[in-house]
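See below for the structure under consideration.
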Amino acid sequence: MPPRPSVLLIGDRQHSDFADAVLWLQQHCQLQVAADLDAANQVMDQSGLPQVVLFVQSRPGQFAQADIETIHARSPLSRLVVLLGSWCEGEMRTGKPWSGVVRIYWHQWAARIIPELMPASAGGGGVWRLPRTASGTEQFAQATEGPWPSGQGLVVIHTRLFCDYQALSDACQAGGYSSTWDGPDHSSFADGASCVLCTLIGGDPTETAVVTRLANRHAPAPVIVLLDFLRCDDRRRMLDAGAAATLAKPLLVGDLLWHIHQQRPGLGTAAVVPSSVR
């Protein structure tokens with residue numbers, strides 16, 4: 001059994017946006033935690049330099065570029081990654097995002113972190129292997145190249161518009177899956193689905209009824225809900241309604257296929273994502 005990767009987490013690990021990510025890291029990595037840079041230096045003095053330094057930032061301004069460079073100078077071979085909370089989602093437009101790090105939003109963590117730390121779990125774009133000088137555009141280009149996890153089976157896709165179905169159908173086909181459309185009137189009569197994709201707007205409590213109906217109709221097939229402007233409250237409602245996972249739109253094809261792959265029955269891998277926040 002290969003050794004578990006060493007990760008140093010710096011920031012507020014108790015924030016609800018990061019609960020599932022922290023739980024997974026505790027279970028599958030040699031995880032050390034530090035609230036700030038001073039504590040991080042103490043951890044490195046005692047435990048050595050980590051393979052990955054993961055900053056968790058729930059709101060803009062908690063860390064500065066100088067903090068990143070301080071950690072890089074102390075541990076130059078560590079991969080620097082930042083996990084961002086909901087309040088940081090406008091930072092690319094209105095703030096001063098850090099350079100020299102891999103940026104991951106809280107709702108993207110599973111498909112972006114697990115394949116990098118556990119390559120055998122399927123997929124992974126290898127973004128973390130790029131040099132620190134790689135720009136955000138270069139990281140994005142690398143992530144879109146794959147390799148993507150693949151499988152077989154039927155994916156039922158519930159969308160309001162047929163054009164949305166076509167886009168998701170193309171993504172599923174890229175992963176080896178066939179698909180059928182379940183329109184707004186729930187007109188699909190497909191049986192034997194391997195997975196169900198459901199696109200919703202989010203923010204509307206009545207949408208949970210759609211998820212429950214799909215989960216009951218196609219059980220035991222898992223339901224993956226795709227939402228605009230995903231927030232923790234939306235995610236909790238969807239999980240309570242019967243969803244197996246939630247993703248924010250827009251998304252990468254590789255992220256979607258990773259989640260479909262992970263939801264296969266009997267997967268039995270340590271990469272399965274916990275559901276600690278309900």
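Residue names in the structure tokens use chain letters A, B, ... in the order shown, residue numbers from 1 in each chain, and ligand numbers from 1 in the order shown.
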Near Gln62 of chain A, within 9 Å and counting only C-alpha atoms, which residues show up once chain neighbours fewer than 4 positions away are dropped, as a tab-separated table (two decimals) with N, CA, C and O atoms, in the first residue's frame?
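Output (around.tsv):
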chain	number	residue	atom	x	y	z
A	11	GLY	N	-5.41	27.60	7.65
A	11	GLY	CA	-6.63	28.40	7.60
A	11	GLY	C	-7.70	27.84	8.50
A	11	GLY	O	-7.43	27.05	9.41
A	57	GLN	N	-9.40	29.45	2.38
A	57	GLN	CA	-9.77	30.86	2.56
A	57	GLN	C	-11.27	31.00	2.39
A	57	GLN	O	-11.80	30.83	1.29
A	58	SER	N	-11.96	31.34	3.46
A	58	SER	CA	-13.42	31.46	3.41
A	58	SER	C	-13.88	32.83	2.93
A	58	SER	O	-15.01	32.98	2.47
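Contact shell of segment 155-158 of chain A at 6 Å (only C-alpha atoms; same-chain neighbours under 5 positions omitted): Ser179, Thr180, Trp181, Asp182, Gly183, Ala193, Ser194, Cys195, Val196, Leu197 and Cys198 of chain A.
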Could you pull the residues within 9 Å of Arg79 of chain A, counting only C-alpha atoms, minus those fewer than 6 positions along the same chain, as an MDAnalysis selection string? chainID A and resid 50:54 72 101:102 128:129 132
For the selection you just gave me, I'd like the residues written to a file as a compact mmCIF listing (two decimals), in the first residue's frame, keeping all heavy atoms.
# COMPACT_ATOMS: atom_id res chain seq x y z
N PRO A 50 5.78 19.34 3.90
CA PRO A 50 4.72 18.53 3.29
C PRO A 50 4.84 18.49 1.77
O PRO A 50 5.49 19.33 1.15
CB PRO A 50 3.45 19.27 3.71
CG PRO A 50 3.88 20.71 3.75
CD PRO A 50 5.31 20.69 4.24
N GLN A 51 4.17 17.51 1.19
CA GLN A 51 4.09 17.46 -0.27
C GLN A 51 3.16 18.54 -0.81
O GLN A 51 3.38 19.07 -1.90
CB GLN A 51 3.59 16.08 -0.71
CG GLN A 51 4.53 14.94 -0.41
CD GLN A 51 3.87 13.60 -0.65
OE1 GLN A 51 3.32 12.99 0.25
NE2 GLN A 51 3.91 13.14 -1.88
N VAL A 52 2.10 18.84 -0.06
CA VAL A 52 1.10 19.81 -0.49
C VAL A 52 0.82 20.77 0.65
O VAL A 52 0.64 20.34 1.80
CB VAL A 52 -0.22 19.12 -0.92
CG1 VAL A 52 -1.27 20.16 -1.29
CG2 VAL A 52 0.03 18.16 -2.07
N VAL A 53 0.80 22.07 0.34
CA VAL A 53 0.33 23.07 1.29
C VAL A 53 -1.01 23.58 0.76
O VAL A 53 -1.10 24.11 -0.34
CB VAL A 53 1.31 24.24 1.44
CG1 VAL A 53 0.71 25.32 2.35
CG2 VAL A 53 2.64 23.76 2.01
N LEU A 54 -2.05 23.38 1.55
CA LEU A 54 -3.41 23.73 1.14
C LEU A 54 -3.90 24.89 2.01
O LEU A 54 -4.17 24.72 3.19
CB LEU A 54 -4.34 22.53 1.28
CG LEU A 54 -5.83 22.76 0.96
CD1 LEU A 54 -6.01 23.11 -0.51
CD2 LEU A 54 -6.66 21.53 1.32
N HIS A 72 6.32 29.31 0.33
CA HIS A 72 7.10 28.76 -0.79
C HIS A 72 8.59 28.80 -0.49
O HIS A 72 9.32 27.84 -0.79
CB HIS A 72 6.80 29.54 -2.07
CG HIS A 72 7.62 29.10 -3.24
ND1 HIS A 72 7.54 27.83 -3.78
CD2 HIS A 72 8.57 29.75 -3.98
CE1 HIS A 72 8.38 27.73 -4.79
NE2 HIS A 72 9.01 28.87 -4.93
N VAL A 101 -0.33 29.61 -7.57
CA VAL A 101 -1.08 28.60 -6.82
C VAL A 101 -2.11 27.96 -7.74
O VAL A 101 -2.45 28.50 -8.79
CB VAL A 101 -1.80 29.21 -5.59
CG1 VAL A 101 -0.81 29.79 -4.61
CG2 VAL A 101 -2.82 30.27 -6.02
N VAL A 102 -2.61 26.80 -7.33
CA VAL A 102 -3.74 26.17 -7.99
C VAL A 102 -5.00 26.57 -7.22
O VAL A 102 -5.10 26.35 -6.02
CB VAL A 102 -3.59 24.63 -7.99
CG1 VAL A 102 -4.84 23.98 -8.60
CG2 VAL A 102 -2.34 24.21 -8.75
N TRP A 128 -1.53 19.87 -11.06
CA TRP A 128 -0.60 20.12 -9.97
C TRP A 128 0.84 19.88 -10.37
O TRP A 128 1.76 20.32 -9.68
CB TRP A 128 -0.95 19.26 -8.75
CG TRP A 128 -2.25 19.63 -8.11
CD1 TRP A 128 -3.26 20.37 -8.65
CD2 TRP A 128 -2.69 19.26 -6.80
NE1 TRP A 128 -4.31 20.48 -7.76
CE2 TRP A 128 -3.99 19.80 -6.62
CE3 TRP A 128 -2.12 18.51 -5.77
CZ2 TRP A 128 -4.72 19.64 -5.45
CZ3 TRP A 128 -2.86 18.34 -4.60
CH2 TRP A 128 -4.13 18.89 -4.45
N ARG A 129 1.05 19.18 -11.46
CA ARG A 129 2.42 18.91 -11.90
C ARG A 129 2.99 20.03 -12.76
O ARG A 129 4.16 19.98 -13.15
CB ARG A 129 2.47 17.58 -12.66
CG ARG A 129 2.23 16.39 -11.75
CD ARG A 129 2.45 15.07 -12.48
NE ARG A 129 1.38 14.78 -13.41
CZ ARG A 129 0.24 14.19 -13.06
NH1 ARG A 129 0.02 13.84 -11.81
NH2 ARG A 129 -0.69 13.94 -13.96
N ARG A 132 5.06 26.43 -11.06
CA ARG A 132 4.36 27.55 -10.40
C ARG A 132 4.11 28.70 -11.35
O ARG A 132 3.19 29.49 -11.15
CB ARG A 132 5.20 28.07 -9.22
CG ARG A 132 4.96 27.41 -7.89
CD ARG A 132 5.44 28.33 -6.77
NE ARG A 132 4.47 29.36 -6.48
CZ ARG A 132 4.74 30.48 -5.80
NH1 ARG A 132 5.97 30.72 -5.37
NH2 ARG A 132 3.81 31.37 -5.56
Any idea what's packed within 7 Å of Trp258 of chain A, counting only C-alpha atoms, ignoring anything in its chain fewer than 4 positions away? Could you give it as a count of residues only? 5
Atom CA of Phe162 of chain A and atom CA of Val253 of chain A, how far apart in Å? 18.2 Å
Near segment 169-178 of chain A, counting only C-alpha atoms, which residues have an atom at most 7 Å away, once you skip same-chain residues fewer than 6 positions from it, shown as a list in words? Trp148, Pro149, Ser150, Gly151, Gln152, Gly153, Leu154, Val155, Val253 and Leu257 of chain A
Would you give me, as a short mmCIF file (atom, residue, chain, number, x, y, z; two decimals) with N, CA, C and O atoms, in the first residue's frame, the residues in segment 39-127 of chain A that DSSP reads as strand (DSSP E or B)?
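Final output, selection_20.cif:
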data_model
loop_
_atom_site.label_atom_id
_atom_site.label_comp_id
_atom_site.auth_asym_id
_atom_site.auth_seq_id
_atom_site.Cartn_x
_atom_site.Cartn_y
_atom_site.Cartn_z
N VAL A 52 2.10 18.84 -0.06
CA VAL A 52 1.10 19.81 -0.49
C VAL A 52 0.82 20.77 0.65
O VAL A 52 0.64 20.34 1.80
N VAL A 53 0.80 22.07 0.34
CA VAL A 53 0.33 23.07 1.29
C VAL A 53 -1.01 23.58 0.76
O VAL A 53 -1.10 24.11 -0.34
N LEU A 54 -2.05 23.38 1.55
CA LEU A 54 -3.41 23.73 1.14
C LEU A 54 -3.90 24.89 2.01
O LEU A 54 -4.17 24.72 3.19
N PHE A 55 -4.01 26.07 1.41
CA PHE A 55 -4.62 27.22 2.09
C PHE A 55 -6.13 27.12 1.95
O PHE A 55 -6.65 26.86 0.85
N VAL A 56 -6.86 27.31 3.02
CA VAL A 56 -8.32 27.37 2.95
C VAL A 56 -8.75 28.79 3.32
O VAL A 56 -8.47 29.28 4.40
N GLN A 57 -9.40 29.45 2.38
CA GLN A 57 -9.77 30.86 2.56
C GLN A 57 -11.27 31.00 2.39
O GLN A 57 -11.80 30.83 1.29
N ARG A 79 3.64 21.56 -3.37
CA ARG A 79 2.64 22.10 -4.28
C ARG A 79 1.73 23.01 -3.49
O ARG A 79 1.23 22.66 -2.43
N LEU A 80 1.51 24.23 -4.00
CA LEU A 80 0.70 25.23 -3.31
C LEU A 80 -0.69 25.28 -3.92
O LEU A 80 -0.86 25.54 -5.12
N VAL A 81 -1.69 25.02 -3.09
CA VAL A 81 -3.08 24.95 -3.54
C VAL A 81 -3.92 25.81 -2.61
O VAL A 81 -3.66 25.87 -1.40
N VAL A 82 -4.93 26.48 -3.16
CA VAL A 82 -5.84 27.26 -2.33
C VAL A 82 -7.26 26.78 -2.57
O VAL A 82 -7.70 26.61 -3.71
N LEU A 83 -7.97 26.49 -1.48
CA LEU A 83 -9.37 26.09 -1.52
C LEU A 83 -10.19 27.29 -1.06
O LEU A 83 -10.01 27.79 0.05
N LEU A 84 -11.10 27.75 -1.92
CA LEU A 84 -11.79 29.02 -1.72
C LEU A 84 -13.25 28.81 -1.37
O LEU A 84 -13.94 27.98 -1.99
N VAL A 102 -2.61 26.80 -7.33
CA VAL A 102 -3.74 26.17 -7.99
C VAL A 102 -5.00 26.57 -7.22
O VAL A 102 -5.10 26.35 -6.02
N ARG A 103 -5.94 27.20 -7.92
CA ARG A 103 -7.17 27.70 -7.28
C ARG A 103 -8.29 26.68 -7.46
O ARG A 103 -8.57 26.24 -8.58
N ILE A 104 -8.95 26.34 -6.36
CA ILE A 104 -10.06 25.40 -6.38
C ILE A 104 -11.18 25.97 -5.51
O ILE A 104 -10.93 26.34 -4.35
N TYR A 105 -12.39 26.03 -6.04
CA TYR A 105 -13.52 26.48 -5.23
C TYR A 105 -14.07 25.32 -4.41
O TYR A 105 -13.92 24.15 -4.77
#
